[in-house]
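Undergrad: Supplied structure: start26.txt, compact mmCIF, C-alpha atoms.
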```txt
# COMPACT_ATOMS: atom_id res chain seq x y z
CA MET A 176 1.14 26.96 1.27
CA ASP A 177 3.97 26.99 3.77
CA GLY A 178 4.71 25.64 7.23
CA PRO A 179 6.39 22.71 9.00
CA ASP A 180 7.11 19.75 6.72
CA HIS A 181 5.06 16.56 7.09
CA LYS A 182 4.91 13.34 5.13
CA GLY A 183 2.21 13.18 2.51
CA LEU A 184 1.52 16.89 2.11
CA ILE A 185 1.72 16.84 -1.68
CA TYR A 186 -0.59 13.83 -1.85
CA GLN A 187 -3.10 15.39 0.53
CA VAL A 188 -3.28 18.64 -1.43
CA THR A 189 -3.55 17.00 -4.85
CA HIS A 190 -6.14 14.51 -3.54
CA VAL A 191 -8.40 17.32 -2.31
CA LEU A 192 -8.07 19.10 -5.64
CA TYR A 193 -8.87 15.87 -7.49
CA ASN A 194 -12.00 15.38 -5.38
CA HIS A 195 -13.09 18.91 -6.34
CA ASN A 196 -12.55 18.07 -10.03
CA GLN A 197 -9.70 20.57 -10.36
CA ASN A 198 -6.97 20.25 -12.99
CA ILE A 199 -3.42 21.00 -11.82
CA ILE A 200 -1.55 23.20 -14.29
CA SER A 201 1.78 23.46 -12.48
CA GLN A 202 3.27 22.65 -9.11
CA ASP A 203 6.51 23.39 -7.32
CA GLU A 204 7.68 22.69 -3.81
CA TYR A 205 10.72 23.15 -1.60
CA VAL A 206 11.78 21.95 1.85
CA SER A 207 14.35 24.12 3.62
CA PRO A 208 17.21 22.64 5.68
CA SER A 209 15.29 23.70 8.81
CA GLY A 210 12.28 21.61 7.75
CA GLN A 211 10.05 24.38 6.43
CA PHE A 212 7.81 23.26 3.56
CA PHE A 213 6.78 25.56 0.71
CA MET A 214 4.42 24.64 -2.12
CA ARG A 215 2.74 26.53 -4.94
CA THR A 216 0.06 24.77 -6.95
CA GLU A 217 -1.68 26.35 -9.92
CA PHE A 218 -4.97 24.72 -10.87
CA GLU A 219 -8.16 25.38 -12.80
CA GLY A 220 -11.72 24.14 -12.92
CA GLU A 221 -15.26 24.89 -11.84
CA GLY A 222 -15.78 24.88 -8.11
CA ASN A 223 -16.29 26.83 -4.92
CA PRO A 224 -12.97 28.31 -3.72
CA LYS A 225 -14.20 28.52 -0.11
CA SER A 226 -15.22 24.85 -0.18
CA ILE A 227 -11.82 23.86 -1.55
CA LEU A 228 -10.00 25.90 1.10
CA ASP A 229 -12.21 24.47 3.86
CA ASP A 230 -11.45 20.90 2.73
CA LEU A 231 -7.73 21.63 2.55
CA THR A 232 -7.81 23.11 6.06
CA ALA A 233 -9.67 20.07 7.40
CA THR A 234 -7.37 17.59 5.65
CA LEU A 235 -3.92 19.08 6.24
CA PRO A 236 -2.03 19.15 9.58
CA ALA A 237 -2.43 22.19 11.81
CA GLY A 238 0.18 24.97 11.61
CA LEU A 239 0.26 25.34 7.82
CA ASN A 240 -0.41 28.68 6.15
CA LEU A 241 -2.89 28.21 3.33
CA ARG A 242 -3.67 30.85 0.72
CA LEU A 243 -5.99 30.51 -2.24
CA ASN A 244 -5.24 33.36 -4.63
CA PRO A 245 -7.47 33.85 -7.66
CA LYS A 246 -5.60 34.60 -10.86
CA LYS A 247 -6.19 38.32 -11.34
CA LYS A 248 -4.34 41.55 -11.84
CA LYS A 249 -3.13 43.24 -8.67
CA ASP A 250 -4.12 46.81 -7.84
CA VAL A 251 -0.99 48.92 -7.30
CA VAL A 252 0.04 52.51 -6.66
CA LEU A 253 3.45 53.71 -7.84
CA PHE A 254 5.66 56.11 -5.85
CA VAL A 255 8.20 58.28 -7.66
CA THR A 256 10.38 61.34 -7.11
CA LYS A 257 12.18 62.79 -10.16
CA GLU A 258 13.79 59.89 -12.03
CA HIS A 259 11.70 58.63 -14.93
CA HIS A 260 13.35 55.40 -16.04
CA CYS A 261 11.59 52.86 -13.77
CA LEU A 262 8.29 54.73 -13.96
CA GLY A 263 8.44 54.89 -17.75
CA GLU A 264 9.20 51.17 -18.01
CA LEU A 265 6.22 50.25 -15.82
CA LEU A 266 3.85 52.63 -17.61
CA ILE A 267 4.76 51.18 -21.01
CA ARG A 268 4.38 47.61 -19.75
CA TYR A 269 1.02 48.56 -18.27
CA ALA A 270 -0.11 50.20 -21.51
CA PHE A 271 0.65 47.00 -23.42
CA ASP A 272 -0.88 44.71 -20.77
CA GLU A 273 2.46 43.21 -19.72
CA LEU A 274 2.46 44.15 -16.03
CA ASP A 275 -0.09 41.73 -14.51
CA ALA A 276 -1.36 44.69 -12.50
CA THR A 277 -3.61 47.72 -12.65
CA ILE A 278 -1.82 50.98 -11.94
CA GLN A 279 -4.42 52.91 -9.98
CA ALA A 280 -2.37 56.06 -9.43
CA VAL A 281 1.10 57.58 -9.15
CA ILE A 282 2.14 59.50 -6.04
CA SER A 283 5.13 61.84 -5.96
CA ASN A 284 6.67 64.41 -3.66
CA TYR A 285 7.58 66.43 -6.78
CA ASN A 286 5.52 67.44 -9.79
CA VAL A 287 8.29 66.70 -12.29
CA LEU A 288 6.83 63.48 -13.72
CA GLN A 289 3.21 64.56 -13.94
CA PRO A 290 3.39 65.27 -17.72
CA LEU A 291 4.69 61.75 -18.37
CA VAL A 292 2.00 60.09 -16.25
CA SER A 293 -0.78 62.16 -17.83
CA LYS A 294 0.06 60.67 -21.24
CA PHE A 295 -1.17 57.31 -19.92
CA GLY A 296 -4.39 58.64 -18.38
CA ILE A 297 -3.42 57.63 -14.85
CA PRO A 298 -4.19 59.86 -11.83
CA PHE A 299 -1.11 61.70 -10.53
CA HIS A 300 -1.02 62.96 -6.95
CA PHE A 301 1.60 65.58 -6.11
CA ILE A 302 2.01 65.50 -2.34
CA SER A 303 4.82 67.85 -1.42
CA HIS A 304 6.99 67.16 1.61
CA GLU A 305 7.94 70.82 1.91
CA HIS A 306 7.09 72.43 5.26
CA LYS A 307 5.83 69.10 6.63
CA THR A 308 7.29 66.68 9.10
CA ARG A 309 7.88 63.18 7.76
CA GLU A 310 4.87 62.01 9.73
CA GLU A 311 2.62 64.77 8.36
CA HIS A 312 3.72 63.97 4.82
CA GLU A 313 3.01 60.27 5.25
CA GLU A 314 -0.39 60.98 6.78
CA ALA A 315 -1.28 62.93 3.65
CA ILE A 316 -0.12 60.01 1.50
CA LEU A 317 -2.16 57.53 3.54
CA ARG A 318 -5.28 59.63 3.06
CA THR A 319 -4.73 59.44 -0.69
CA LEU A 320 -4.11 55.68 -0.56
CA ASP A 321 -7.41 55.25 1.27
CA ILE A 322 -9.09 56.31 -1.97
CA TYR A 323 -7.59 53.39 -3.88
CA GLN A 324 -7.02 50.60 -1.32
CA PRO A 325 -4.12 49.14 -3.34
CA GLU A 326 -2.81 45.65 -2.80
CA TYR A 327 0.81 46.71 -3.36
CA LEU A 328 2.92 49.86 -3.37
CA VAL A 329 5.84 50.09 -5.78
CA LEU A 330 8.69 52.49 -5.03
CA ALA A 331 9.88 53.22 -8.57
CA LYS A 332 12.87 55.33 -7.46
CA TYR A 333 11.02 57.06 -4.63
CA MET A 334 13.86 58.82 -2.85
CA ARG A 335 12.41 59.11 0.64
CA VAL A 336 12.77 56.76 3.59
CA LEU A 337 9.44 55.46 4.85
CA THR A 338 8.82 55.36 8.59
CA SER A 339 7.98 52.18 10.48
CA ASP A 340 4.50 53.53 11.16
CA PHE A 341 3.87 53.87 7.43
CA VAL A 342 5.32 50.46 6.52
CA LYS A 343 3.10 48.66 9.04
CA HIS A 344 0.06 49.67 6.96
CA TYR A 345 1.41 47.55 4.07
CA PRO A 346 3.47 44.71 5.59
CA ASN A 347 5.33 42.77 2.88
CA ARG A 348 3.38 44.72 0.27
CA ILE A 349 5.87 47.49 -0.57
CA VAL A 350 8.45 46.73 -3.29
CA ASN A 351 11.53 48.90 -3.73
CA ILE A 352 14.33 49.00 -6.30
CA HIS A 353 17.84 49.68 -5.02
CA HIS A 354 20.72 50.86 -7.20
CA SER A 355 23.19 48.23 -6.09
CA PHE A 356 23.74 44.49 -6.13
CA LEU A 357 23.96 44.81 -2.36
CA PRO A 358 23.22 48.02 -0.44
CA ALA A 359 26.22 50.28 -0.98
CA PHE A 360 27.09 53.77 -2.13
CA ILE A 361 24.24 55.35 -0.23
CA GLY A 362 23.28 58.98 -0.55
CA ALA A 363 23.54 61.28 -3.54
CA ASN A 364 25.00 60.31 -6.93
CA PRO A 365 25.69 56.62 -6.27
CA TYR A 366 27.09 55.92 -9.74
CA ARG A 367 29.66 58.70 -9.34
CA GLN A 368 30.65 57.05 -6.04
CA ALA A 369 30.91 53.68 -7.80
CA TYR A 370 33.00 55.20 -10.59
CA ASP A 371 35.32 56.91 -8.12
CA ARG A 372 35.74 53.62 -6.25
CA GLY A 373 36.64 51.78 -9.45
CA VAL A 374 34.04 49.02 -9.09
CA LYS A 375 34.05 46.09 -11.51
CA ILE A 376 30.35 45.27 -11.25
CA ILE A 377 27.23 47.32 -10.82
CA GLY A 378 23.75 45.98 -10.32
CA ALA A 379 20.30 46.34 -8.85
CA THR A 380 18.26 44.74 -6.10
CA ALA A 381 14.48 44.62 -5.80
CA HIS A 382 13.25 43.91 -2.30
CA PHE A 383 10.34 44.24 0.07
CA VAL A 384 10.46 47.20 2.42
CA ASN A 385 10.68 46.62 6.14
CA ASP A 386 11.81 48.68 9.13
CA ASN A 387 15.50 48.47 8.15
CA LEU A 388 16.64 50.69 5.29
CA ASP A 389 17.26 48.62 2.13
CA GLU A 390 17.49 45.40 4.15
CA GLY A 391 14.09 43.82 3.45
CA PRO A 392 13.67 40.37 1.86
CA ILE A 393 15.29 40.29 -1.59
CA ILE A 394 13.09 39.35 -4.55
CA ALA A 395 15.38 39.72 -7.59
CA GLN A 396 18.89 40.91 -8.43
CA ASP A 397 21.18 41.31 -11.42
CA VAL A 398 24.71 42.56 -12.05
CA LYS A 399 26.63 43.93 -15.03
CA GLU A 400 30.39 43.89 -15.47
CA VAL A 401 32.07 47.27 -15.93
CA ASP A 402 35.63 48.47 -16.27
CA HIS A 403 37.72 51.62 -16.40
CA ARG A 404 36.52 52.47 -19.92
CA LEU A 405 33.06 53.43 -18.66
CA SER A 406 32.45 56.95 -17.43
CA ALA A 407 30.20 57.72 -14.48
CA PHE A 408 27.49 58.63 -17.01
CA ASP A 409 27.92 55.30 -18.81
CA MET A 410 27.65 53.46 -15.50
CA ALA A 411 24.50 55.38 -14.60
CA THR A 412 22.91 54.54 -17.96
CA LEU A 413 23.75 50.85 -17.63
CA GLY A 414 22.66 50.88 -13.99
CA LYS A 415 19.28 52.43 -14.81
CA ASP A 416 18.66 49.79 -17.49
CA THR A 417 19.45 47.12 -14.90
CA GLU A 418 17.14 48.71 -12.35
CA LYS A 419 14.27 48.69 -14.86
CA SER A 420 14.68 45.03 -15.74
CA VAL A 421 15.17 43.85 -12.15
CA LEU A 422 12.13 45.76 -10.88
CA SER A 423 9.98 44.41 -13.72
CA LYS A 424 11.14 40.86 -13.03
CA ALA A 425 10.47 41.20 -9.30
CA LEU A 426 6.99 42.60 -9.82
CA LYS A 427 6.08 39.79 -12.21
CA LEU A 428 7.04 37.28 -9.50
CA VAL A 429 5.13 39.13 -6.80
CA PHE A 430 2.01 39.80 -8.87
CA ASN A 431 1.86 36.13 -9.91
CA ASP A 432 1.97 35.01 -6.24
CA ARG A 433 5.31 33.22 -6.62
CA VAL A 434 7.07 34.80 -3.64
CA PHE A 435 7.04 33.33 -0.13
CA ILE A 436 8.58 35.36 2.69
CA HIS A 437 10.32 33.37 5.41
CA GLY A 438 12.09 35.51 7.99
CA ASN A 439 14.17 37.99 6.02
CA ARG A 440 14.47 35.73 2.97
CA THR A 441 12.26 34.91 0.03
CA ILE A 442 11.47 31.56 -1.54
CA ILE A 443 10.54 31.86 -5.22
CA LEU A 444 8.38 29.08 -6.66
```
Is it possible to express this structure as structure tokens?
TA:
Amino acid sequence: MDGPDHKGLIYQVTHVLYNHNQNIISQDEYVSPSGQFFMRTEFEGEGNPKSILDDLTATLPAGLNLRLNPKKKKDVVLFVTKEHHCLGELLIRYAFDELDATIQAVISNYNVLQPLVSKFGIPFHFISHEHKTREEHEEAILRTLDIYQPEYLVLAKYMRVLTSDFVKHYPNRIVNIHHSFLPAFIGANPYRQAYDRGVKIIGATAHFVNDNLDEGPIIAQDVKEVDHRLSAFDMATLGKDTEKSVLSKALKLVFNDRVFIHGNRTIIL
């Protein structure tokens, strides 16, 4: 739930849940300096979800956004290009039931990673961008996505910029991993650029995709200290490990419905 703050919101929500014989497992809330209220309540019990939501809507002040999300695995499609590290991490977590999601398929503009994906019995769709406009390529991807109707798309090192027309099909439902603590060293071979610049930290940022390249709401970040002893290869290896862990952390938050988007920021509860 999120919206303008009012007195008694926590009481009103918990009272409705009590009346429906629900048991609250966990609860967290936050009020921003601008007076925006955010609350996540996890509860369990027998009952009619629609009836609970109807009672909450009738009880709470107008203008609040209410969402009742059943605890279930999310359906996702992964997008990749040629790099295997993030894809491999997610496939292994999925194989051992650690992802809180069902990987429906993997889509790539190259066929390089098909052998890896096939080992996990997941459909792999090679949709080449060669001899196609960006729009034609994305139309082909959308036709494939229509088969699966995923809840989220995960760009696991997908090295193509998505158009605004594509993004609007999945608003706040596309998660990307970026090879920097903050967007920097764009283009080819970012870790070589970082090495040449003599950086002292490298990191990774997982964020939602919006119309601005690598500027969507940030979900999770991490940094690692480096120094002159590390080669560009060493930095790339450390950076890839960081990307894997940050993306996995971000997806766990998203798939467990812990992320609220407010403007271009996220609130994690």
Undergrad: Could you work out how far CA of Lys249 in chain A lies from CA of Pro224 in chain A, giving the answer in Å with one decimal?
TA: 18.6 Å
Undergrad: Would you compute the distance between CA of Ile227 in chain A and CA of Val434 in chain A? Give it in Å to one decimal.
TA: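 Value for the CA of Ile227 in chain A-CA of Val434 in chain A distance: 21.9 Å.
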Undergrad: Interatomic distance between CA of Gln197 in chain A and CA of Gly220 in chain A?
TA: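 These two atoms are separated by 4.8 Å.
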Undergrad: May I ask which of the residues A:Val188, A:Ala369, A:Val374, A:Ile442 is the closest one to Ala233 in chain A, counting only C-alpha atoms?
TA: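 Of all the options, A:Val188 lies closest to Ala233 in chain A.
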Undergrad: Would you kindly return, as number ranges by chain, each protein, DNA or RNA residue with an atom no farther than 10 Å from any atom of range 393-407 of chain A, considering only C-alpha atoms and excluding same-chain residues fewer than 2 positions away?
TA: A: 350-353, 355-357, 364-371, 373-384, 389-391, 409-414, 417-418, 420-426, 428-429, 434-436, 439-443
Undergrad: Which residues, written as an MDAnalysis selection string, have at least one atom at most 10 Å from Ile302 in chain A, with all atoms listed in the file counted and residues fewer than 4 positions away on the same chain left out?
TA: chainID A and resid 282:286 312:313 315:316 319
Undergrad: Let's have the selection written as a PDB file, in the frame of the given file, with C-alpha atoms.
TA:
```pdb
ATOM      1  CA  ILE A 282       2.140  59.500  -6.040  1.00  0.00           C
ATOM      2  CA  SER A 283       5.130  61.840  -5.960  1.00  0.00           C
ATOM      3  CA  ASN A 284       6.670  64.410  -3.660  1.00  0.00           C
ATOM      4  CA  TYR A 285       7.580  66.430  -6.780  1.00  0.00           C
ATOM      5  CA  ASN A 286       5.520  67.440  -9.790  1.00  0.00           C
ATOM      6  CA  HIS A 312       3.720  63.970   4.820  1.00  0.00           C
ATOM      7  CA  GLU A 313       3.010  60.270   5.250  1.00  0.00           C
ATOM      8  CA  ALA A 315      -1.280  62.930   3.650  1.00  0.00           C
ATOM      9  CA  ILE A 316      -0.120  60.010   1.500  1.00  0.00           C
ATOM     10  CA  THR A 319      -4.730  59.440  -0.690  1.00  0.00           C
TER      11      THR A 319
END
```
Undergrad: Scan for residues within 12 Å of the point (11.0, 55.1, 11.4) in the coordinates of the file, using all atoms listed in the file, and reply as an MDAnalysis selection string.
TA: chainID A and resid 309:310 313 335:343 384:388
Undergrad: What's around Met334 in chain A at 8 Å? Count only C-alpha atoms, leave out sequence neighbours fewer than 2 positions away in its own chain, and write the answer as an MDAnalysis selection string.
TA: chainID A and resid 255:256 332 336
Undergrad: Compare A:Thr189, A:Asp321, A:Asn347, A:Leu444 by their minimum atom-to-atom distance to Phe212 in chain A, counting only C-alpha atoms, and give me the closest one.
TA: A:Leu444
Undergrad: Which is closest to Pro179 in chain A among A:Leu266, A:Ile199, A:Leu274, A:Met214, if we use all atoms listed in the file?
TA: A:Met214
Undergrad: Set the distance at 12 Å and use only C-alpha atoms: which residues neighbour Ser293 in chain A once local chain neighbours fewer than 4 positions away are removed? I'd like the list as a list in words.
TA: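 Counting only the stated atoms, we get Gly263, Leu266, Ala280, Val281, Asn286, Val287, Leu288, Gln289, Ile297, Pro298, Phe299 and His300 of chain A.
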Undergrad: Looking at A:Asn244, A:His260, A:Leu320, A:Tyr269, which one is nearest to Glu217 in chain A, with distances taken over all atoms listed in the file?
TA: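 Result for the nearest residue to Glu217 in chain A: A:Asn244.
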Undergrad: With distances taken over only C-alpha atoms, which of A:Phe213, A:Tyr205, A:Phe218, A:Tyr327 is nearest to Tyr193 in chain A?
TA: A:Phe218
Undergrad: When distances are computed from all atoms listed in the file, which of A:Glu314, A:Lys419, A:Asp272, A:Ser303 shows the smallest separation from Glu258 in chain A?
TA: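 Using all atoms listed in the file, the shortest distance to Glu258 in chain A belongs to A:Lys419.
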Undergrad: Find the residues around Ala237 in chain A up to 12 Å (all atoms listed in the file counted), leave out those fewer than 6 positions away in its own chain, and share them as a PyMOL selection string.
TA: chain A and resi 177-181+184+231
Undergrad: Which polymer residues, protein or nucleic acid, are no farther than 9 Å from (-0.8, 49.4, -15.0), counting all atoms listed in the file, as a ChimeraX atom specification?
TA: /A:250-252,265-280,297
